[in-house]
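Data file: upload_25.pdb. Format and content: PDB, C-alpha atoms.
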ATOM      1  CA  MET A  17      23.398  -9.244 -29.035
ATOM      2  CA  SER A  18      22.223  -6.144 -27.176
ATOM      3  CA  LYS A  19      21.032  -6.262 -23.596
ATOM      4  CA  ILE A  20      17.427  -5.364 -22.868
ATOM      5  CA  LYS A  21      17.351  -2.236 -20.749
ATOM      6  CA  LEU A  22      15.147  -2.548 -17.693
ATOM      7  CA  THR A  23      12.811   0.257 -16.683
ATOM      8  CA  PRO A  24      13.411   1.793 -13.245
ATOM      9  CA  TYR A  25      10.472  -0.201 -11.863
ATOM     10  CA  GLN A  26      11.777  -3.448 -13.404
ATOM     11  CA  GLN A  27      15.128  -2.713 -11.754
ATOM     12  CA  HIS A  28      13.267  -2.219  -8.443
ATOM     13  CA  VAL A  29      11.545  -5.593  -8.831
ATOM     14  CA  ALA A  30      14.813  -7.328  -9.740
ATOM     15  CA  LYS A  31      16.520  -5.798  -6.703
ATOM     16  CA  TRP A  32      13.847  -6.815  -4.164
ATOM     17  CA  LYS A  33      12.235 -10.004  -5.525
ATOM     18  CA  ASN A  34      14.540 -12.271  -3.496
ATOM     19  CA  CYS A  35      14.965 -10.003  -0.472
ATOM     20  CA  GLU A  36      16.284 -11.554   2.756
ATOM     21  CA  GLN A  37      16.678  -8.351   4.809
ATOM     22  CA  CYS A  38      14.660  -9.773   7.740
ATOM     23  CA  ASP A  39      13.392 -13.106   9.013
ATOM     24  CA  LEU A  40       9.976 -12.747   7.319
ATOM     25  CA  HIS A  41      11.546 -14.197   4.174
ATOM     26  CA  CYS A  42      11.827 -17.600   5.877
ATOM     27  CA  HIS A  43       8.094 -18.365   5.641
ATOM     28  CA  ARG A  44       6.877 -16.401   2.621
ATOM     29  CA  LYS A  45       5.850 -17.895  -0.677
ATOM     30  CA  ARG A  46       6.411 -14.693  -2.687
ATOM     31  CA  VAL A  47       7.696 -11.171  -2.229
ATOM     32  CA  VAL A  48       4.745  -8.803  -2.662
ATOM     33  CA  LEU A  49       5.922  -5.489  -4.090
ATOM     34  CA  CYS A  50       3.329  -3.417  -5.921
ATOM     35  CA  ARG A  51       0.078  -3.419  -7.863
ATOM     36  CA  GLY A  52      -0.960  -0.587 -10.146
ATOM     37  CA  THR A  53       0.786   2.073 -12.202
ATOM     38  CA  VAL A  54       4.323   3.325 -11.553
ATOM     39  CA  PRO A  55       4.791   6.296 -11.534
ATOM     40  CA  CYS A  56       1.391   7.333 -10.153
ATOM     41  CA  LYS A  57      -0.523  10.232  -8.630
ATOM     42  CA  ILE A  58      -1.631   8.341  -5.502
ATOM     43  CA  LEU A  59       0.217   5.613  -3.601
ATOM     44  CA  PHE A  60      -1.729   3.382  -1.198
ATOM     45  CA  VAL A  61       0.340   1.890   1.634
ATOM     46  CA  GLY A  62      -1.054  -0.934   3.742
ATOM     47  CA  GLU A  63       0.494  -3.039   6.515
ATOM     48  CA  ALA A  64       1.682  -6.320   5.028
ATOM     49  CA  PRO A  65       0.662  -9.049   2.604
ATOM     50  CA  GLY A  66      -1.929 -11.564   3.731
ATOM     51  CA  ALA A  67      -2.373 -15.188   2.675
ATOM     52  CA  SER A  68      -3.911 -14.364  -0.737
ATOM     53  CA  GLU A  69      -1.208 -11.817  -1.527
ATOM     54  CA  ASP A  70       1.525 -14.259  -0.485
ATOM     55  CA  VAL A  71       0.247 -16.719  -3.097
ATOM     56  CA  VAL A  72      -0.536 -14.241  -5.905
ATOM     57  CA  GLY A  73       2.438 -11.918  -5.341
ATOM     58  CA  LYS A  74       0.478  -8.658  -5.518
ATOM     59  CA  PRO A  75      -0.883  -6.482  -2.688
ATOM     60  CA  PHE A  76      -4.561  -6.194  -1.795
ATOM     61  CA  MET A  77      -5.736  -9.280  -3.687
ATOM     62  CA  GLY A  78      -7.772 -11.005  -0.956
ATOM     63  CA  PRO A  79     -11.165 -10.107   0.535
ATOM     64  CA  ALA A  80      -9.824  -6.812   1.974
ATOM     65  CA  GLY A  81      -8.367  -5.927  -1.417
ATOM     66  CA  LYS A  82     -11.675  -6.575  -3.142
ATOM     67  CA  LEU A  83     -13.358  -4.280  -0.614
ATOM     68  CA  LEU A  84     -10.717  -1.595  -1.236
ATOM     69  CA  ASP A  85     -11.227  -1.915  -4.993
ATOM     70  CA  SER A  86     -14.969  -1.442  -4.430
ATOM     71  CA  MET A  87     -14.311   1.731  -2.392
ATOM     72  CA  LEU A  88     -12.034   3.092  -5.111
ATOM     73  CA  GLU A  89     -14.639   2.433  -7.776
ATOM     74  CA  GLU A  90     -17.378   4.097  -5.710
ATOM     75  CA  ALA A  91     -15.110   7.095  -5.045
ATOM     76  CA  GLY A  92     -14.558   7.562  -8.797
ATOM     77  CA  PHE A  93     -10.994   6.320  -9.199
ATOM     78  CA  ASN A  94     -11.864   4.221 -12.234
ATOM     79  CA  GLU A  95     -13.565   7.096 -14.069
ATOM     80  CA  GLY A  96     -10.721   9.554 -14.530
ATOM     81  CA  PRO A  97      -7.080   9.834 -15.409
ATOM     82  CA  VAL A  98      -5.759   9.501 -11.844
ATOM     83  CA  SER A  99      -3.215   6.703 -11.673
ATOM     84  CA  TYR A 100      -2.529   4.833  -8.461
ATOM     85  CA  ALA A 101      -0.418   2.014  -7.057
ATOM     86  CA  MET A 102      -0.602  -0.134  -3.921
ATOM     87  CA  THR A 103       2.074  -1.530  -1.650
ATOM     88  CA  ASN A 104       2.647  -2.369   2.023
ATOM     89  CA  LEU A 105       5.064  -1.496   4.804
ATOM     90  CA  THR A 106       6.517  -4.992   4.413
ATOM     91  CA  ALA A 107       6.789  -7.028   1.236
ATOM     92  CA  CYS A 108       6.618 -10.416   2.985
ATOM     93  CA  ILE A 109       3.770 -11.961   4.932
ATOM     94  CA  PRO A 110       4.256 -11.752   8.712
ATOM     95  CA  LEU A 111       3.040 -14.965  10.305
ATOM     96  CA  ASP A 112       2.106 -15.688  13.902
ATOM     97  CA  GLU A 113       4.351 -17.778  16.169
ATOM     98  CA  GLU A 114       2.880 -21.044  14.842
ATOM     99  CA  HIS A 115       3.445 -19.826  11.248
ATOM    100  CA  THR A 116      -0.165 -20.607  10.393
ATOM    101  CA  LYS A 117      -1.846 -17.230   9.871
ATOM    102  CA  ALA A 118      -0.952 -13.650   9.024
ATOM    103  CA  SER A 119      -0.289 -11.217  11.844
ATOM    104  CA  GLU A 120       0.816  -7.600  12.314
ATOM    105  CA  PRO A 121       4.283  -6.963  10.899
ATOM    106  CA  PRO A 122       6.952  -6.583  13.605
ATOM    107  CA  LYS A 123       8.875  -3.322  13.911
ATOM    108  CA  HIS A 124      12.183  -4.879  12.828
ATOM    109  CA  ALA A 125      10.594  -6.079   9.574
ATOM    110  CA  ILE A 126       9.068  -2.654   8.881
ATOM    111  CA  GLU A 127      12.471  -1.062   9.434
ATOM    112  CA  ALA A 128      14.215  -3.645   7.248
ATOM    113  CA  CYS A 129      11.716  -3.033   4.436
ATOM    114  CA  SER A 130      11.834   0.764   4.733
ATOM    115  CA  HIS A 131      14.500   1.140   2.032
ATOM    116  CA  ARG A 132      12.280  -0.728  -0.441
ATOM    117  CA  LEU A 133       9.285   1.461   0.440
ATOM    118  CA  ILE A 134      11.308   4.665   0.074
ATOM    119  CA  GLU A 135      12.637   3.489  -3.283
ATOM    120  CA  LEU A 136       9.126   2.666  -4.520
ATOM    121  CA  TYR A 137       7.832   5.990  -3.231
ATOM    122  CA  GLN A 138      10.522   7.792  -5.198
ATOM    123  CA  LEU A 139       9.724   5.763  -8.336
ATOM    124  CA  CYS A 140       6.010   6.491  -7.967
ATOM    125  CA  ASN A 141       6.599  10.183  -7.188
ATOM    126  CA  PRO A 142       2.979  10.501  -6.027
ATOM    127  CA  GLU A 143       1.099  13.686  -5.284
ATOM    128  CA  ALA A 144      -0.571  11.929  -2.345
ATOM    129  CA  VAL A 145      -0.256   8.871  -0.137
ATOM    130  CA  VAL A 146      -3.177   7.006   1.390
ATOM    131  CA  TRP A 147      -2.344   5.166   4.601
ATOM    132  CA  VAL A 148      -4.495   2.052   4.703
ATOM    133  CA  GLY A 149      -4.783   1.564   8.457
ATOM    134  CA  GLU A 150      -3.196   2.872  11.646
ATOM    135  CA  LEU A 151       0.176   1.121  11.389
ATOM    136  CA  PRO A 152       1.076   2.531   7.949
ATOM    137  CA  ALA A 153       0.074   6.020   9.123
ATOM    138  CA  LYS A 154       2.255   5.641  12.231
ATOM    139  CA  TYR A 155       5.407   4.392  10.512
ATOM    140  CA  GLY A 156       4.945   5.691   6.979
ATOM    141  CA  THR A 157       4.453   9.340   7.861
ATOM    142  CA  VAL A 158       7.753   9.463   9.759
ATOM    143  CA  LEU A 159       9.516   7.481   7.051
ATOM    144  CA  LEU A 160       8.381   9.476   4.022
ATOM    145  CA  GLN A 161       8.131  13.031   5.375
ATOM    146  CA  GLU A 162      11.784  13.728   4.562
ATOM    147  CA  TYR A 163      11.218  12.551   0.970
ATOM    148  CA  GLY A 164       8.730  15.236   0.050
ATOM    149  CA  LEU A 165       5.474  13.719   1.245
ATOM    150  CA  LYS A 166       2.977  16.358   0.107
ATOM    151  CA  VAL A 167      -0.524  15.140   0.862
ATOM    152  CA  ALA A 168      -1.557  12.206   3.022
ATOM    153  CA  ALA A 169      -4.899  10.708   3.985
ATOM    154  CA  LYS A 170      -5.740   7.784   6.243
ATOM    155  CA  ILE A 171      -8.543   5.298   5.762
ATOM    156  CA  THR A 172      -9.739   2.417   7.899
ATOM    157  CA  HIS A 173      -8.142  -0.805   6.693
ATOM    158  CA  PRO A 174     -10.684  -2.881   4.738
ATOM    159  CA  ALA A 175      -9.684  -5.972   6.748
ATOM    160  CA  ALA A 176     -10.691  -4.121   9.920
ATOM    161  CA  ILE A 177     -14.028  -3.233   8.316
ATOM    162  CA  LEU A 178     -14.620  -6.894   7.457
ATOM    163  CA  ARG A 179     -14.104  -7.787  11.135
ATOM    164  CA  MET A 180     -16.617  -5.166  12.381
ATOM    165  CA  GLU A 181     -20.168  -5.831  13.479
ATOM    166  CA  LEU A 182     -22.523  -5.757  10.509
ATOM    167  CA  ASN A 183     -24.288  -2.613  11.745
ATOM    168  CA  THR A 184     -21.028  -0.581  11.726
ATOM    169  CA  ARG A 185     -19.455  -1.879   8.508
ATOM    170  CA  GLY A 186     -21.521   0.299   6.189
ATOM    171  CA  LEU A 187     -20.668   3.512   8.023
ATOM    172  CA  SER A 188     -16.916   2.780   8.038
ATOM    173  CA  TYR A 189     -17.048   1.822   4.368
ATOM    174  CA  GLN A 190     -18.836   5.066   3.447
ATOM    175  CA  ARG A 191     -16.444   7.120   5.582
ATOM    176  CA  ASN A 192     -13.545   5.667   3.568
ATOM    177  CA  VAL A 193     -15.327   6.435   0.295
ATOM    178  CA  VAL A 194     -15.829  10.083   1.343
ATOM    179  CA  ILE A 195     -12.132  10.425   2.301
ATOM    180  CA  LEU A 196     -11.128   8.963  -1.061
ATOM    181  CA  GLU A 197     -13.560  11.203  -2.970
ATOM    182  CA  GLU A 198     -12.182  14.289  -1.226
ATOM    183  CA  LEU A 199      -8.600  13.241  -1.953
ATOM    184  CA  LEU A 200      -9.411  12.565  -5.590
ATOM    185  CA  GLU A 201     -11.037  15.990  -5.898
ATOM    186  CA  ARG A 202      -8.029  17.622  -4.276
ATOM    187  CA  ILE A 203      -5.602  15.884  -6.648
ATOM    188  CA  THR A 204      -7.632  16.561  -9.796
ATOM    189  CA  ALA A 205      -8.760  20.107  -8.937
ATOM    190  CA  PRO A 206      -6.073  21.656  -6.691
ATOM    191  CA  TRP A 207      -7.323  25.202  -7.332
ATOM    192  CA  ASN A 208     -10.280  24.416  -5.051
ATOM    193  CA  TYR A 209      -7.890  24.265  -2.106
ATOM    194  CA  GLN A 210      -5.799  27.397  -2.582
TER     195      GLN A 210
END

structure tokens encoding of this file:
Amino acid sequence: MSKIKLTPYQQHVAKWKNCEQCDLHCHRKRVVLCRGTVPCKILFVGEAPGASEDVVGKPFMGPAGKLLDSMLEEAGFNEGPVSYAMTNLTACIPLDEEHTKASEPPKHAIEACSHRLIELYQLCNPEAVVWVGELPAKYGTVLLQEYGLKVAAKITHPAAILRMELNTRGLSYQRNVVILEELLERITAPWNYQ
């Protein structure tokens, strides 16, 4: 009986699905690796899984993910042939000291998960990366620049938008949409930027 050959992405999932590289694994329900198409033209990198993602096992599946999906649709991502994938700096939910709610991922966890992120980046081989929030931009840019990071954009994290006052949410949302539209145009029509 012949063995089924795994795709490179399936090998990636098999390698990381039971990861115990840092202490975040102690309180997670599931490892959250990627959502979307691999390889892809654009890779979105957020901070860490939240409660919804920890249950479902895919990134950006909660309220912030729904808001991000809405931005992508408004920016035209669902209309053309541009493929994209989503991941986070860490693949496990970082919980607060009481282990009751999600918090910012600690530096040691980001460093421990960096090999997984680099491997996914290489599998995706994207033309651009979108940093979803300040933390991914801070750590991700340094991490991926030596691996051929070509184009990068940063948007306000949808979770941060959801926490804003109602009168500022719309402006931040639209600012993200404009950034995404410009990136999409740059990826699909690079001759406009020569």

| Care to translate the PyMOL selection byres ((chain A and resi 72) around 12) into actual residues of this file, as a PyMOL selection string? | chain A and resi 44-51+65-71+73-78+109

Taking all atoms of region 49-53 of chain A that the file lists and extending 6 Å past them on each side, where is the centre of the axis-aligned box and how long are its edges? Answer in Å to one decimal, as lines of an AutoDock Vina configuration file.
center_x = 2.5
center_y = -1.7
center_z = -8.1
size_x = 18.9
size_y = 19.6
size_z = 20.1

| Which value, in Å to one decimal, gives the distance between CA of Leu59 (chain A) and CA of Ile171 (chain A)? |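 Distance reported for this atom pair: 12.8 Å.
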
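Evaluated against this file, the PyMOL selection byres ((chain A and resi 142) around 10) yields Val54, Pro55, Cys56, Lys57, Ile58, Leu59, Phe60, Ser99, Tyr100, Ala101, Tyr137, Gln138, Leu139, Cys140, Asn141, Glu143, Ala144, Val145, Gly164, Leu165, Lys166 and Val167 of chain A.
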
| CA of Leu40 (chain A) to CA of Cys108 (chain A), straight-line distance in Å |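 If I compute the distance from CA of Cys108 (chain A) to CA of Leu40 (chain A), I get 6.0 Å.
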
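Proximity ranking of A:Leu196, A:Val158, A:Val29, A:Leu182 relative to Leu84 (chain A) places A:Leu196 first, based on only C-alpha atoms.
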
| note | Across A:Cys35, A:Ile20, A:Ala64, A:Ile126, the smallest distance to Gly156 (chain A), with all atoms listed in the file counted, is shown by A:Ile126
